[in-house]
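Novice: I'd like to ask some things about the structure below.
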Amino acid sequence: MDQIRNFCIIAHIDHGKSTLADRLLEFTKTVTKREMQAQVLDDMDLERERGITIKSHAIQMNYQFEGKEYIFNLIDTPGHVDFSYEVSRSIAACEGVLLLVDAAQGIQAQTISNLYLALEHDLVIIPVLNKIDLPGAMPEEIKDQMVDLLGCDRDDIIPASGKEGTGVDKILEAIVKRIPAPKGNPEAPLQALIFDSVFNSFRGIEVIFRIYNGSISKGDKVKFVATGKEYSADEIGILRLQKEPTDIIRTGDVGYLISGIKTAKEVKVGDTITHSANPTQEAIHGFEDVKPMVFAGVYPVETSDFEDLREALEKLQLNDASLVWEPETSAALGFGFRCGFLGMLHMEIVQERLEREFDQTVITTVPSVQFWAFDTKDTKHIVNAPSEMLDPSKLSHIEEPFIKAQIITKAEYIGGIMNLCMEKRGILKTQNYLTTDRIEMLFEMPMAEMVFDFFDKLKTISRGYASLDYELIGYRESAMVKLDILLNGEKVDALSAIVHRDKAYEWGKKLCEKLRELLPRQQFEIAIQAAIGAKIISRETVKAMRKDVLAKCYGGDISRKRKLLEKQKKGKKRMRQVGNVEIPQEAFMAVLKLD
Amino acid sequence: MAGIYIHIPFCKQACHYCDFHFSTNQSYKDLMIETICKEIELQKDYLFNQPIGTIYFGGGTPSLLNHTNLSSLLNTVYKQFQVDPQVEITLEANPDDLNLDYIKELPLLGINRLSVGIQSFNNDNLKYLNRTHTGNEAERSIKLAQEYGINNISLDLIYGIAAADHKIWLSDLQTAISLNVPHISAYCLTIEPNTVFGKWLKTNRIQNVDDEFSAFQFELLTEQLEMAGFEQYEISNFGKPNFYSIHNNNYWKKIPYLGVGPSAHSYNIISRQYNLSHNHLYLEKVNKGELHFTKEILSEKDLINEHIMLGLRTSSGCNIDFLKNKFNFELLKNTRLDFYFSDNYMYLSNGNLILTKKGKLLADKITFDLFLE
């Protein structure tokens, strides 16, 4: 146990975490040069392409230092705020953390929030100044920031370049010297924390855990404390680049367990594993269910693909337990699913994985947060979709989720960011200068305002020099209204949205204008209306199509023209019909691109 | 009777709207004609010995050919195919090529129909389109041809030009009518990507016209020509009785045709094919005795959809019995038809679906609505 070191790496997105991890694996000869490819741990194609980590990963390394062989368990974590839940679980499994800061960009919002998490868990922090090889690196200045933030000694900071391998030996040495060995009682009843689960299509769920007390042997009967389910440890082992089965995993170590579990839902990250026969008296610490923050309807492009989409979502859920969904029907879109996501990036990723891994192109509807609608008897109704909103006659009031948003930026962008936050109904709570040029701003604002384009706008305003982190702080009463869109008098349920009363007019107007651009002309005029209840607040008109005929059709034109018209027919088939109006798919996404 | 189309891939200069295949370098014109003659020989079996009812010189600008060129092409056709005595032989010509000497010889060669690329009689329009003639030259060339006994003349006109208001279009129509020709083809300007206009559109130098604008001009066209005794026998083709183009009609009636020359298309009921659109490669291949074309075998679905598309464009309509007898396809079961009938977009007459005036304006949309999926 003395020779085990468990650590993770905390870094803002793009600060070079996966590259540094690659170097550590190389230096410790965990992967050979031949096996090496960039971002070894990110095994999803999507992760490599986007250069982000979506799932947590764990890998074991061996390191010789002063004649002793050490076991390092590196737990790689996602950097994006949507996946902070995964980060917090990884942190709980470690004694130490490498805090990676980009020598050109400095400390960012997520670095800080994850750092606080690490401090809460009493982890030892090894500050690393990464990317010192960059031409834009400002090592001295960023070191100042780090000293300010951590209260560490300037000399504790290790300058490094993941790309060139500089400083990697120093980091390895620091892991041995500074991070304590895990503590725990090998004789006590088994107590292991599940911090991840991975779906393997042949063998079911692989549960990744860290042992705090006791040990686990192959064939043991084990129990998951929170779910109460019991399994047999069919295979246990350690995680090298490939899984290596072993007979026993001891106190302080990290390993995997395969026991024929079929779906990710059965495994709660944060749960405790113990022995059925001799159970531990307490779970490691309470875990929370991951709560989806953003909800949207997901519909197949071709209505006949509904069952295929269901199958795809089921498979996706096998290794993404944070994705939740239930069937939903829409008059405009037919059969589909209401899905809950951790955030907008998560939603985007699910959409992209559906497309790539399952060949399912989908239409997603206006994303929404979870509202609480209270009726006149003060009973709470959960509203995840505009269609679930109470009838105004029964409605007493609506509450919406609020978040605390932490933004770190350069002083020159304060004004712009302030305006953006005000526009998004945010209230500035505090602002602190981290250095003379870097400022931390704390806002409280409705989650619903974050959902759309907040992050994109923030990046534009700050030219990329602002980082954002947020957490839910509770529900507050707000003057929300349900805004409907009507086409030739028929309500299009999939275009309804719950918006703040003050913004409803502008929203309605913009959406009508956008739809006017996107709806193809038909043989009759189309009236586009936005309404709150029975009150029409905006109207646009799509004129009737007057002419649709190509002039020439001679010998050389026939094939080309036939194919062109067949293509148009196909495009039309993918449209949805409400009343007599045909609606292209883009129209359903229009809401996301209002500006 | 089958048809032969001969593509002459040369022009003096490029019109801004044209995306047909041509070159402005005419230095190897004679070699090209010899080579096309060779292709005619290589293709002599394509039409399975069916008699030829129409020969059509298209392009490009076939009136760039001299009489020797024309006669060697025609002689080759006569030698390799059985040509009907009543054959229609059409030459596409530009007004500026139709001088006295040129016209005089045409009847001697057997050419009995001219299709003249007038496009407009308005000089601003002609300049905008980058045509090589003026309005006056256009009128004079027609009169000259008529003086020398060529009365079977078709004029090409273009409308839907943003800069030309309805008055200009009306005036073009009236001039055309006053010339007393028996056939007019009128096309709404379409901006194709690989043309000068296409580039201008991309750089916002010009805009596509509003469909209200072109619809109005289309209505003006049909009204004016109907009053003058023309029948709209196809969306863009107007003929006086007995002067419908045999050649064009063959395309819509699915009668086989052989196309020779670079980029030319051929059709023989079961497949469509087209030659290489590259003059020099074409010369190289054919002179080696090789044919080089891309061929598409028509599936049952292709045949059904072609039948619907082509039929609906003509005044005789789309014959539904043919679809039922040949493919067991019941077009009348299409539920969209109820709407099109009740809203007066089309009607059924003797087993033929025929578009009304209102329907012709939306022919493409109606066509794909009726397509087999």
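Following the order of the structure tokens, chains are lettered A, B, ..., residues in each are numbered from 1, and ligands are numbered from 1.
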Please return, as a compact mmCIF listing (two decimals) with N, CA and C atoms, in the first residue's frame, all residues of chain B lying within 6 Å of chain A when only C-alpha atoms are considered.

Specialist:
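New file iface_10.txt:
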# COMPACT_ATOMS: atom_id res chain seq x y z
N TYR B 187 -37.95 30.59 -73.12
CA TYR B 187 -37.38 30.04 -71.89
C TYR B 187 -37.26 31.10 -70.84
N CYS B 188 -37.62 30.72 -69.62
CA CYS B 188 -37.37 31.62 -68.49
C CYS B 188 -35.88 31.48 -68.16
N ASP B 211 -40.36 35.12 -58.19
CA ASP B 211 -41.17 34.22 -59.02
C ASP B 211 -42.47 34.89 -59.49
N ALA B 215 -43.48 34.62 -63.26
CA ALA B 215 -44.81 34.03 -63.47
C ALA B 215 -45.65 34.96 -64.35
N TYR B 251 -38.46 13.81 -77.97
CA TYR B 251 -37.92 13.72 -76.62
C TYR B 251 -39.03 13.43 -75.61
N HIS B 265 -26.35 13.47 -75.90
CA HIS B 265 -27.11 12.42 -75.21
C HIS B 265 -27.85 11.53 -76.20
N LEU B 361 -47.71 26.46 -64.28
CA LEU B 361 -46.80 27.30 -63.50
C LEU B 361 -46.11 26.51 -62.38
N LEU B 362 -46.79 25.45 -61.93
CA LEU B 362 -46.20 24.65 -60.84
C LEU B 362 -45.89 23.23 -61.31
N ALA B 363 -45.57 23.10 -62.58
CA ALA B 363 -45.41 21.76 -63.16
C ALA B 363 -44.39 20.91 -62.40
N ASP B 364 -43.31 21.50 -61.96
CA ASP B 364 -42.27 20.70 -61.30
C ASP B 364 -42.76 20.12 -59.98
N PHE B 368 -43.26 16.06 -59.06
CA PHE B 368 -42.65 15.19 -58.05
C PHE B 368 -43.67 14.71 -57.02

Novice: As an MDAnalysis selection string, please: every residue in segment 248-430 of chain A that DSSP puts in helix (DSSP H, G or I).

Specialist: chainID A and resid 264:266 303:319 344:358 386:388 392:394 411:423

Novice: Would you give me, as a list in words, the residues in segment 240-289 of chain B that DSSP reads as strand (DSSP E)?

Specialist: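 Secondary structure check on segment 240-289 of chain B, strand (DSSP E): Tyr257, Leu258, Gly259, Val260, His265, Ser266, Tyr267, Ser271, Arg272, Gln273, Tyr274 and Asn275 of chain B.
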
Novice: Would you save the residues of that selection, restricted to all heavy atoms, as a compact mmCIF listing (two decimals), in the first residue's frame?

Specialist:
# COMPACT_ATOMS: atom_id res chain seq x y z
N TYR B 257 -33.47 8.33 -79.87
CA TYR B 257 -32.64 9.23 -80.65
C TYR B 257 -31.18 8.92 -80.38
O TYR B 257 -30.81 8.47 -79.31
CB TYR B 257 -32.95 10.70 -80.33
CG TYR B 257 -32.86 11.07 -78.88
CD1 TYR B 257 -31.66 11.50 -78.32
CD2 TYR B 257 -33.99 11.00 -78.06
CE1 TYR B 257 -31.58 11.83 -76.98
CE2 TYR B 257 -33.91 11.33 -76.72
CZ TYR B 257 -32.71 11.75 -76.18
OH TYR B 257 -32.64 12.07 -74.85
N LEU B 258 -30.38 9.20 -81.41
CA LEU B 258 -28.93 9.04 -81.26
C LEU B 258 -28.33 10.43 -81.25
O LEU B 258 -28.61 11.25 -82.13
CB LEU B 258 -28.36 8.24 -82.45
CG LEU B 258 -26.84 8.28 -82.59
CD1 LEU B 258 -26.17 7.54 -81.43
CD2 LEU B 258 -26.40 7.68 -83.92
N GLY B 259 -27.51 10.72 -80.23
CA GLY B 259 -26.81 11.99 -80.20
C GLY B 259 -25.35 11.75 -80.50
O GLY B 259 -24.73 10.86 -79.91
N VAL B 260 -24.77 12.52 -81.43
CA VAL B 260 -23.34 12.38 -81.72
C VAL B 260 -22.64 13.71 -81.50
O VAL B 260 -23.27 14.77 -81.55
CB VAL B 260 -23.08 11.87 -83.16
CG1 VAL B 260 -23.54 10.43 -83.32
CG2 VAL B 260 -23.76 12.77 -84.19
N HIS B 265 -26.35 13.47 -75.90
CA HIS B 265 -27.11 12.42 -75.21
C HIS B 265 -27.85 11.53 -76.20
O HIS B 265 -28.32 12.01 -77.23
CB HIS B 265 -28.14 13.04 -74.28
CG HIS B 265 -27.55 13.68 -73.07
ND1 HIS B 265 -27.83 13.26 -71.80
CD2 HIS B 265 -26.70 14.74 -72.94
CE1 HIS B 265 -27.18 14.01 -70.92
NE2 HIS B 265 -26.50 14.92 -71.60
N SER B 266 -27.99 10.25 -75.86
CA SER B 266 -28.74 9.31 -76.68
C SER B 266 -29.72 8.54 -75.81
O SER B 266 -29.52 8.43 -74.60
CB SER B 266 -27.81 8.30 -77.34
OG SER B 266 -26.83 8.97 -78.10
N TYR B 267 -30.74 8.00 -76.44
CA TYR B 267 -31.77 7.28 -75.71
C TYR B 267 -32.34 6.19 -76.58
O TYR B 267 -32.62 6.41 -77.76
CB TYR B 267 -32.86 8.28 -75.30
CG TYR B 267 -34.16 7.67 -74.85
CD1 TYR B 267 -34.26 7.06 -73.59
CD2 TYR B 267 -35.28 7.72 -75.66
CE1 TYR B 267 -35.46 6.50 -73.17
CE2 TYR B 267 -36.49 7.16 -75.23
CZ TYR B 267 -36.57 6.55 -74.00
OH TYR B 267 -37.75 6.01 -73.58
N SER B 271 -32.21 2.62 -72.08
CA SER B 271 -31.14 3.34 -71.39
C SER B 271 -30.95 4.73 -71.98
O SER B 271 -31.42 5.02 -73.08
CB SER B 271 -29.82 2.55 -71.52
OG SER B 271 -29.39 2.56 -72.86
N ARG B 272 -30.28 5.55 -71.17
CA ARG B 272 -29.84 6.86 -71.66
C ARG B 272 -28.33 6.90 -71.52
O ARG B 272 -27.77 6.33 -70.59
CB ARG B 272 -30.46 7.99 -70.82
CG ARG B 272 -31.95 8.08 -70.99
CD ARG B 272 -32.54 9.33 -70.33
NE ARG B 272 -33.98 9.35 -70.50
CZ ARG B 272 -34.61 9.78 -71.59
NH1 ARG B 272 -33.90 10.25 -72.62
NH2 ARG B 272 -35.92 9.74 -71.67
N GLN B 273 -27.66 7.57 -72.44
CA GLN B 273 -26.21 7.68 -72.32
C GLN B 273 -25.75 9.01 -72.88
O GLN B 273 -26.46 9.66 -73.65
CB GLN B 273 -25.53 6.54 -73.06
CG GLN B 273 -25.76 6.54 -74.56
CD GLN B 273 -25.17 5.30 -75.21
OE1 GLN B 273 -25.42 4.18 -74.76
NE2 GLN B 273 -24.37 5.51 -76.24
N TYR B 274 -24.59 9.47 -72.40
CA TYR B 274 -24.08 10.73 -72.94
C TYR B 274 -22.57 10.65 -73.14
O TYR B 274 -21.84 10.01 -72.39
CB TYR B 274 -24.46 11.92 -72.07
CG TYR B 274 -24.04 11.82 -70.62
CD1 TYR B 274 -22.83 12.35 -70.18
CD2 TYR B 274 -24.87 11.20 -69.69
CE1 TYR B 274 -22.46 12.26 -68.86
CE2 TYR B 274 -24.51 11.10 -68.37
CZ TYR B 274 -23.30 11.63 -67.96
OH TYR B 274 -22.93 11.53 -66.65
N ASN B 275 -22.14 11.34 -74.19
CA ASN B 275 -20.72 11.34 -74.57
C ASN B 275 -19.90 12.23 -73.63
O ASN B 275 -20.42 13.12 -72.97
CB ASN B 275 -20.56 11.86 -75.99
CG ASN B 275 -20.94 10.82 -77.03
OD1 ASN B 275 -21.11 9.65 -76.70
ND2 ASN B 275 -21.09 11.25 -78.28

Novice: Looking at A:Glu307, A:Glu173, A:Glu230, A:Glu449, which one is nearest to Gln360 of chain A, with distances taken over only C-alpha atoms?

Specialist: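 Of all the options, A:Glu307 lies closest to Gln360 of chain A.
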
Novice: Choose the residue, out of B:Asn208, B:Asn122, B:Asn325, B:Thr356, that has the smallest atom-to-atom separation from Thr222 of chain B; count only C-alpha atoms.

Specialist: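 Of the candidates, the smallest distance to Thr222 of chain B is held by B:Thr356.
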
Novice: Quick one: of A:Phe209, A:Phe224, A:Phe202, A:Phe65, who's nearest to Asp169 of chain A, counting only C-alpha atoms?

Specialist: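 Nearest candidate to Asp169 of chain A out of A:Phe209, A:Phe224, A:Phe202, A:Phe65: A:Phe65.
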
Novice: Fewer than 5 positions away in the same chain doesn't count, so skip those; otherwise give me all residues within 8 Å of Ala332 of chain A, counting only C-alpha atoms, as a ChimeraX atom specification.

Specialist: /A:492-494,576-578

Novice: Output all heavy atoms for every residue in the selection just made, as a PDB file, in the first residue's frame.

Specialist:
ATOM      1  N   VAL A 492     -48.256  24.471 -33.483  1.00  0.00           N
ATOM      2  CA  VAL A 492     -47.176  23.509 -33.728  1.00  0.00           C
ATOM      3  C   VAL A 492     -46.532  23.214 -32.384  1.00  0.00           C
ATOM      4  O   VAL A 492     -45.702  23.986 -31.903  1.00  0.00           O
ATOM      5  CB  VAL A 492     -46.135  24.084 -34.699  1.00  0.00           C
ATOM      6  CG1 VAL A 492     -45.089  23.029 -35.044  1.00  0.00           C
ATOM      7  CG2 VAL A 492     -46.807  24.591 -35.964  1.00  0.00           C
ATOM      8  N   ASP A 493     -46.930  22.122 -31.762  1.00  0.00           N
ATOM      9  CA  ASP A 493     -46.483  21.878 -30.385  1.00  0.00           C
ATOM     10  C   ASP A 493     -44.967  21.862 -30.236  1.00  0.00           C
ATOM     11  O   ASP A 493     -44.432  22.345 -29.249  1.00  0.00           O
ATOM     12  CB  ASP A 493     -47.117  20.601 -29.827  1.00  0.00           C
ATOM     13  CG  ASP A 493     -46.817  19.363 -30.674  1.00  0.00           C
ATOM     14  OD1 ASP A 493     -46.132  19.498 -31.712  1.00  0.00           O
ATOM     15  OD2 ASP A 493     -47.273  18.273 -30.292  1.00  0.00           O
ATOM     16  N   ALA A 494     -44.284  21.340 -31.244  1.00  0.00           N
ATOM     17  CA  ALA A 494     -42.833  21.214 -31.126  1.00  0.00           C
ATOM     18  C   ALA A 494     -42.111  22.555 -31.163  1.00  0.00           C
ATOM     19  O   ALA A 494     -40.914  22.630 -30.903  1.00  0.00           O
ATOM     20  CB  ALA A 494     -42.296  20.316 -32.230  1.00  0.00           C
ATOM     21  N   ARG A 576     -42.365  17.688 -42.047  1.00  0.00           N
ATOM     22  CA  ARG A 576     -43.501  17.309 -41.227  1.00  0.00           C
ATOM     23  C   ARG A 576     -44.683  18.182 -41.605  1.00  0.00           C
ATOM     24  O   ARG A 576     -44.503  19.321 -42.049  1.00  0.00           O
ATOM     25  CB  ARG A 576     -43.170  17.503 -39.746  1.00  0.00           C
ATOM     26  CG  ARG A 576     -42.023  16.655 -39.292  1.00  0.00           C
ATOM     27  CD  ARG A 576     -42.307  15.200 -39.595  1.00  0.00           C
ATOM     28  NE  ARG A 576     -41.068  14.429 -39.573  1.00  0.00           N
ATOM     29  CZ  ARG A 576     -40.630  13.783 -38.504  1.00  0.00           C
ATOM     30  NH1 ARG A 576     -41.301  13.825 -37.398  1.00  0.00           N
ATOM     31  NH2 ARG A 576     -39.512  13.094 -38.562  1.00  0.00           N
ATOM     32  N   GLN A 577     -45.864  17.641 -41.419  1.00  0.00           N
ATOM     33  CA  GLN A 577     -47.032  18.393 -41.800  1.00  0.00           C
ATOM     34  C   GLN A 577     -47.874  18.737 -40.581  1.00  0.00           C
ATOM     35  O   GLN A 577     -48.172  17.884 -39.755  1.00  0.00           O
ATOM     36  CB  GLN A 577     -47.855  17.562 -42.792  1.00  0.00           C
ATOM     37  CG  GLN A 577     -48.957  18.367 -43.420  1.00  0.00           C
ATOM     38  CD  GLN A 577     -49.132  18.025 -44.888  1.00  0.00           C
ATOM     39  OE1 GLN A 577     -48.480  17.134 -45.411  1.00  0.00           O
ATOM     40  NE2 GLN A 577     -50.009  18.742 -45.554  1.00  0.00           N
ATOM     41  N   VAL A 578     -48.230  20.008 -40.473  1.00  0.00           N
ATOM     42  CA  VAL A 578     -49.160  20.429 -39.430  1.00  0.00           C
ATOM     43  C   VAL A 578     -50.286  21.143 -40.165  1.00  0.00           C
ATOM     44  O   VAL A 578     -50.051  22.126 -40.858  1.00  0.00           O
ATOM     45  CB  VAL A 578     -48.492  21.377 -38.417  1.00  0.00           C
ATOM     46  CG1 VAL A 578     -49.547  21.966 -37.477  1.00  0.00           C
ATOM     47  CG2 VAL A 578     -47.443  20.622 -37.612  1.00  0.00           C
TER      48      VAL A 578
END

Novice: Just the residues within 10 Å of Gln64 of chain A, please, counting only C-alpha atoms, with nothing from its chain fewer than 3 positions along; format it as an NGL selection string.

Specialist: :A and (28 or 67-71 or 172-173 or 176)

Novice: Give me a file of those residues, with N, CA, C and O atoms, as a PDB file, in the first residue's frame.

Specialist:
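As a result, part_20.pdb now contains:
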ATOM      1  N   THR A  28       6.620   6.056 -18.210  1.00  0.00           N
ATOM      2  CA  THR A  28       6.569   4.901 -17.316  1.00  0.00           C
ATOM      3  C   THR A  28       6.505   3.605 -18.115  1.00  0.00           C
ATOM      4  O   THR A  28       6.303   2.540 -17.563  1.00  0.00           O
ATOM      5  N   GLY A  67      15.045   2.886  -6.319  1.00  0.00           N
ATOM      6  CA  GLY A  67      15.109   1.452  -6.041  1.00  0.00           C
ATOM      7  C   GLY A  67      13.790   0.809  -5.679  1.00  0.00           C
ATOM      8  O   GLY A  67      13.710  -0.390  -5.434  1.00  0.00           O
ATOM      9  N   LYS A  68      12.751   1.598  -5.596  1.00  0.00           N
ATOM     10  CA  LYS A  68      11.455   0.986  -5.269  1.00  0.00           C
ATOM     11  C   LYS A  68      10.517   1.092  -6.456  1.00  0.00           C
ATOM     12  O   LYS A  68      10.598   2.031  -7.235  1.00  0.00           O
ATOM     13  N   GLU A  69       9.623   0.110  -6.547  1.00  0.00           N
ATOM     14  CA  GLU A  69       8.646   0.170  -7.628  1.00  0.00           C
ATOM     15  C   GLU A  69       7.312   0.676  -7.090  1.00  0.00           C
ATOM     16  O   GLU A  69       6.770   0.132  -6.143  1.00  0.00           O
ATOM     17  N   TYR A  70       6.857   1.755  -7.704  1.00  0.00           N
ATOM     18  CA  TYR A  70       5.589   2.348  -7.280  1.00  0.00           C
ATOM     19  C   TYR A  70       4.483   2.012  -8.270  1.00  0.00           C
ATOM     20  O   TYR A  70       4.727   1.836  -9.461  1.00  0.00           O
ATOM     21  N   ILE A  71       3.241   1.951  -7.750  1.00  0.00           N
ATOM     22  CA  ILE A  71       2.069   1.786  -8.621  1.00  0.00           C
ATOM     23  C   ILE A  71       1.337   3.113  -8.661  1.00  0.00           C
ATOM     24  O   ILE A  71       0.946   3.642  -7.613  1.00  0.00           O
ATOM     25  N   LEU A 172       6.713  13.090 -12.154  1.00  0.00           N
ATOM     26  CA  LEU A 172       6.667  11.716 -11.634  1.00  0.00           C
ATOM     27  C   LEU A 172       7.283  11.661 -10.238  1.00  0.00           C
ATOM     28  O   LEU A 172       6.755  11.019  -9.326  1.00  0.00           O
ATOM     29  N   GLU A 173       8.389  12.363 -10.087  1.00  0.00           N
ATOM     30  CA  GLU A 173       9.073  12.384  -8.796  1.00  0.00           C
ATOM     31  C   GLU A 173       8.167  13.018  -7.733  1.00  0.00           C
ATOM     32  O   GLU A 173       8.050  12.526  -6.611  1.00  0.00           O
ATOM     33  N   VAL A 176       5.513  10.748  -6.350  1.00  0.00           N
ATOM     34  CA  VAL A 176       6.003   9.841  -5.304  1.00  0.00           C
ATOM     35  C   VAL A 176       6.195  10.588  -3.988  1.00  0.00           C
ATOM     36  O   VAL A 176       5.749  10.151  -2.935  1.00  0.00           O
TER      37      VAL A 176
END

Novice: Just the residues within 6 Å of segment 36-53 of chain B, please, counting only C-alpha atoms, with nothing from its chain fewer than 2 positions along; format it as a tab-separated table (two decimals) with all heavy atoms, in the first residue's frame.

Specialist:
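Output file result.tsv is given in full below:
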chain	number	residue	atom	x	y	z
B	1	MET	N	-40.82	7.70	-85.75
B	1	MET	CA	-39.50	7.54	-86.35
B	1	MET	C	-38.41	8.14	-85.45
B	1	MET	O	-38.65	9.16	-84.81
B	1	MET	CB	-39.47	8.21	-87.73
B	1	MET	CG	-40.07	7.32	-88.81
B	1	MET	SD	-39.98	8.10	-90.41
B	1	MET	CE	-41.14	9.41	-90.24
B	2	ALA	N	-37.27	7.52	-85.46
B	2	ALA	CA	-36.20	7.92	-84.56
B	2	ALA	C	-35.55	9.24	-85.01
B	2	ALA	O	-35.84	9.76	-86.09
B	2	ALA	CB	-35.15	6.82	-84.49
B	3	GLY	N	-34.68	9.77	-84.16
B	3	GLY	CA	-34.04	11.04	-84.46
B	3	GLY	C	-32.53	10.98	-84.29
B	3	GLY	O	-31.99	10.10	-83.62
B	33	ILE	N	-15.49	17.78	-87.36
B	33	ILE	CA	-16.57	17.29	-88.23
B	33	ILE	C	-16.26	15.89	-88.76
B	33	ILE	O	-17.10	14.99	-88.72
B	33	ILE	CB	-16.78	18.27	-89.43
B	33	ILE	CG1	-17.13	19.67	-88.91
B	33	ILE	CG2	-17.86	17.76	-90.39
B	33	ILE	CD1	-18.29	19.73	-87.93
B	34	GLU	N	-15.00	15.71	-89.19
B	34	GLU	CA	-14.57	14.37	-89.64
B	34	GLU	C	-14.78	13.34	-88.56
B	34	GLU	O	-15.22	12.22	-88.81
B	34	GLU	CB	-13.05	14.39	-89.90
B	34	GLU	CG	-12.63	14.64	-91.31
B	34	GLU	CD	-11.10	14.76	-91.36
B	34	GLU	OE1	-10.41	13.86	-90.83
B	34	GLU	OE2	-10.62	15.80	-91.87
B	73	LEU	N	-21.57	15.84	-92.95
B	73	LEU	CA	-22.30	15.23	-91.84
B	73	LEU	C	-23.58	14.57	-92.34
B	73	LEU	O	-23.89	13.42	-92.01
B	73	LEU	CB	-22.63	16.28	-90.77
B	73	LEU	CG	-21.44	16.72	-89.90
B	73	LEU	CD1	-21.77	18.00	-89.14
B	73	LEU	CD2	-21.02	15.62	-88.94
B	80	GLN	N	-25.37	5.84	-93.50
B	80	GLN	CA	-25.43	4.83	-92.44
B	80	GLN	C	-26.84	4.51	-91.97
B	80	GLN	O	-27.05	3.52	-91.30
B	80	GLN	CB	-24.60	5.30	-91.22
B	80	GLN	CG	-23.15	5.61	-91.53
B	80	GLN	CD	-22.39	4.39	-92.02
B	80	GLN	OE1	-22.76	3.24	-91.74
B	80	GLN	NE2	-21.33	4.61	-92.79
B	82	GLN	N	-31.33	4.75	-92.55
B	82	GLN	CA	-32.41	4.85	-93.52
B	82	GLN	C	-33.19	6.10	-93.17
B	82	GLN	O	-33.90	6.15	-92.18
B	82	GLN	CB	-33.29	3.60	-93.42
B	82	GLN	CG	-34.37	3.53	-94.47
B	82	GLN	CD	-35.59	2.81	-93.95
B	82	GLN	OE1	-35.49	1.85	-93.18
B	82	GLN	NE2	-36.77	3.28	-94.35
B	83	VAL	N	-33.05	7.14	-93.99
B	83	VAL	CA	-33.66	8.42	-93.67
B	83	VAL	C	-34.98	8.55	-94.41
B	83	VAL	O	-35.06	8.32	-95.62
B	83	VAL	CB	-32.72	9.59	-94.04
B	83	VAL	CG1	-33.36	10.93	-93.72
B	83	VAL	CG2	-31.39	9.44	-93.30
B	84	ASP	N	-36.03	8.91	-93.67
B	84	ASP	CA	-37.35	9.07	-94.26
B	84	ASP	C	-37.37	10.24	-95.25
B	84	ASP	O	-36.74	11.27	-94.99
B	84	ASP	CB	-38.35	9.33	-93.11
B	84	ASP	CG	-39.77	9.34	-93.61
B	84	ASP	OD1	-40.35	8.26	-93.77
B	84	ASP	OD2	-40.30	10.46	-93.84
B	87	VAL	N	-38.16	13.72	-93.92
B	87	VAL	CA	-37.35	14.07	-92.74
B	87	VAL	C	-37.35	15.57	-92.45
B	87	VAL	O	-37.31	16.40	-93.36
B	87	VAL	CB	-35.91	13.53	-92.90
B	87	VAL	CG1	-35.19	14.25	-94.03
B	87	VAL	CG2	-35.12	13.63	-91.60
B	261	GLY	N	-21.33	13.64	-81.26
B	261	GLY	CA	-20.56	14.83	-80.94
B	261	GLY	C	-20.33	14.88	-79.43
B	261	GLY	O	-21.03	14.21	-78.67
